[in-house]
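Chemist: Sending over a structure as structure tokens; questions will come in a sec.
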Amino acid sequence: MTQEPLPFDHRPDPVLGAALRQALDPGDAAAFVAVVLARADETRAFAGSWHGVLARWARVGLGAAVLLALAGGYLVERAGATGGTPSVTEALIAPRAQAPEVEVVLASVLEP
Amino acid sequence: MKPDSQPPAPAARIPQQDETALVARARAGDHAAFGALAERYAGVARRVARAVLGDPDDADDAAQDGFLSALVKLEQYDPRRPFGPWLLRIVANAATDRRRRRTVRRVEPLDPGLVAGGTRPDAATERRALSERLRQALAELPERRRIAVVLFDVEGYSHAEIAAVLGIPEGTVRSEVFHARRRLRVSLADWKGEG
């Protein structure tokens, strides 16, 4: 052992450090690193495949969105053409759905 | 028996510039750069994980999980800060998570003959016995204390760096190291006394 350490000694204790290092010795570093790299490759491959899947879905989704937008636009336009507010010209030349009341007709004739 | 009294090797110290370049390359998908980082930090990461978990196989699994987690999170790493503490924090968290998840402890029972200071046929047996005793003493410490003393006395990290790893104030790190050393030194002293 080294000298009895002071409280809160700011220097590493080489004896204790060496003993602990020996006690925690992890063994074959090369095998460990090889496993880490193999798992890293798997992780990247998995991430890559997910990106591919997401990208494919994104393309399909984009196509579907465009189709929906076109279909929606067409339907809106059609609805506007059939049930929309008529223009002034259309209102003037359009035949009346009901014949005017007799009193109204007479009143309009009698008025100066 | 007396362990080698060489000073702790400055663990995995890489110049900041090299480290930043390696991390940048690893982030860009460079397999070799990530391999270089894994190689340089494998020792310290495995020792920290073993200090937390005790069992070497569990520790290696946790250290691997830590490396992979770091790889996934590389985008979040701030290159202005040292890489080692950032990585070790992830590894320590991985080890802690694994320890929490572990329902059945697989720590091998200590050999009573070795623990009680039985016959010591050779130096290798003595070293193993001392290591066993230290691991046992380490296992009795609170987790944070274990990590602190390993990073300080084994790996040569500063109090500030350990504070970054553990996410605690520097003063607390000093206190943890002090208490851990006091306990571990008792183990070493007992061992000497029995010898």
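Following the order of the structure tokens, first chain is A, next is B, and so on, with residues numbered from 1 inside each chain and ligands from 1 in the order they appear.
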Residues of chain B within 8 Å of chain A, counting only C-alpha atoms, what are they? List them as JSON, numbers by chain.
Modeler: {"B": [2, 3, 4, 5, 6, 7, 8, 31, 34, 35, 38, 39, 42, 43, 46, 47, 50, 51, 56, 60, 64, 67, 68, 71, 128, 130, 131, 132, 134, 135, 150, 152, 153, 154, 155, 156, 174, 175, 177, 178, 181, 184, 185, 188, 189]}
Chemist: With C-alpha atoms kept, could you save the residues just selected as a CSV table (one decimal), in the first residue's frame?
Modeler:
```csv
chain,number,residue,atom,x,y,z
B,2,LYS,CA,0.9,-6.9,-3.6
B,3,PRO,CA,-0.5,-5.8,-6.9
B,4,ASP,CA,1.6,-3.9,-9.4
B,5,SER,CA,2.0,-0.4,-8.1
B,6,GLN,CA,2.2,1.2,-11.5
B,7,PRO,CA,0.2,4.4,-11.9
B,8,PRO,CA,-3.1,4.0,-13.6
B,31,HIS,CA,-17.4,1.7,-39.9
B,34,PHE,CA,-16.6,3.6,-35.1
B,35,GLY,CA,-14.4,0.6,-34.7
B,38,ALA,CA,-14.9,1.1,-29.8
B,39,GLU,CA,-11.4,-0.3,-29.6
B,42,ALA,CA,-13.7,-0.9,-24.8
B,43,GLY,CA,-11.5,-1.4,-21.7
B,46,ARG,CA,-16.3,-2.8,-19.8
B,47,ARG,CA,-14.7,-2.1,-16.5
B,50,ARG,CA,-18.5,-4.7,-14.5
B,51,ALA,CA,-18.2,-2.4,-11.5
B,56,PRO,CA,-18.5,-10.2,-16.6
B,60,ASP,CA,-20.0,-7.0,-21.6
B,64,GLN,CA,-22.1,-3.4,-26.0
B,67,PHE,CA,-21.8,1.4,-27.6
B,68,LEU,CA,-24.7,0.8,-29.8
B,71,LEU,CA,-23.9,5.0,-32.2
B,128,ARG,CA,-7.4,-14.1,-8.2
B,130,LEU,CA,-7.4,-10.6,-4.1
B,131,SER,CA,-9.4,-9.7,-7.2
B,132,GLU,CA,-12.3,-11.7,-5.8
B,134,LEU,CA,-12.0,-6.5,-4.2
B,135,ARG,CA,-15.0,-7.3,-6.4
B,150,VAL,CA,-13.1,3.0,-10.9
B,152,PHE,CA,-10.8,8.0,-10.8
B,153,ASP,CA,-8.3,5.4,-9.6
B,154,VAL,CA,-8.3,3.0,-12.4
B,155,GLU,CA,-9.1,5.1,-15.5
B,156,GLY,CA,-7.5,8.4,-14.4
B,174,ARG,CA,-14.8,13.7,-4.4
B,175,SER,CA,-16.9,12.5,-1.5
B,177,VAL,CA,-14.3,8.5,-4.3
B,178,PHE,CA,-13.1,9.2,-0.8
B,181,ARG,CA,-11.4,4.2,-1.3
B,184,LEU,CA,-11.6,-0.8,-0.6
B,185,ARG,CA,-8.4,0.1,1.2
B,188,LEU,CA,-6.5,-4.5,0.7
B,189,ALA,CA,-5.2,-3.9,4.2
```
Chemist: How far is it from CA of Arg80 (chain B) to CA of Ala164 (chain B), in Å with one decimal?
Modeler: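 A separation of 13.8 Å between them.
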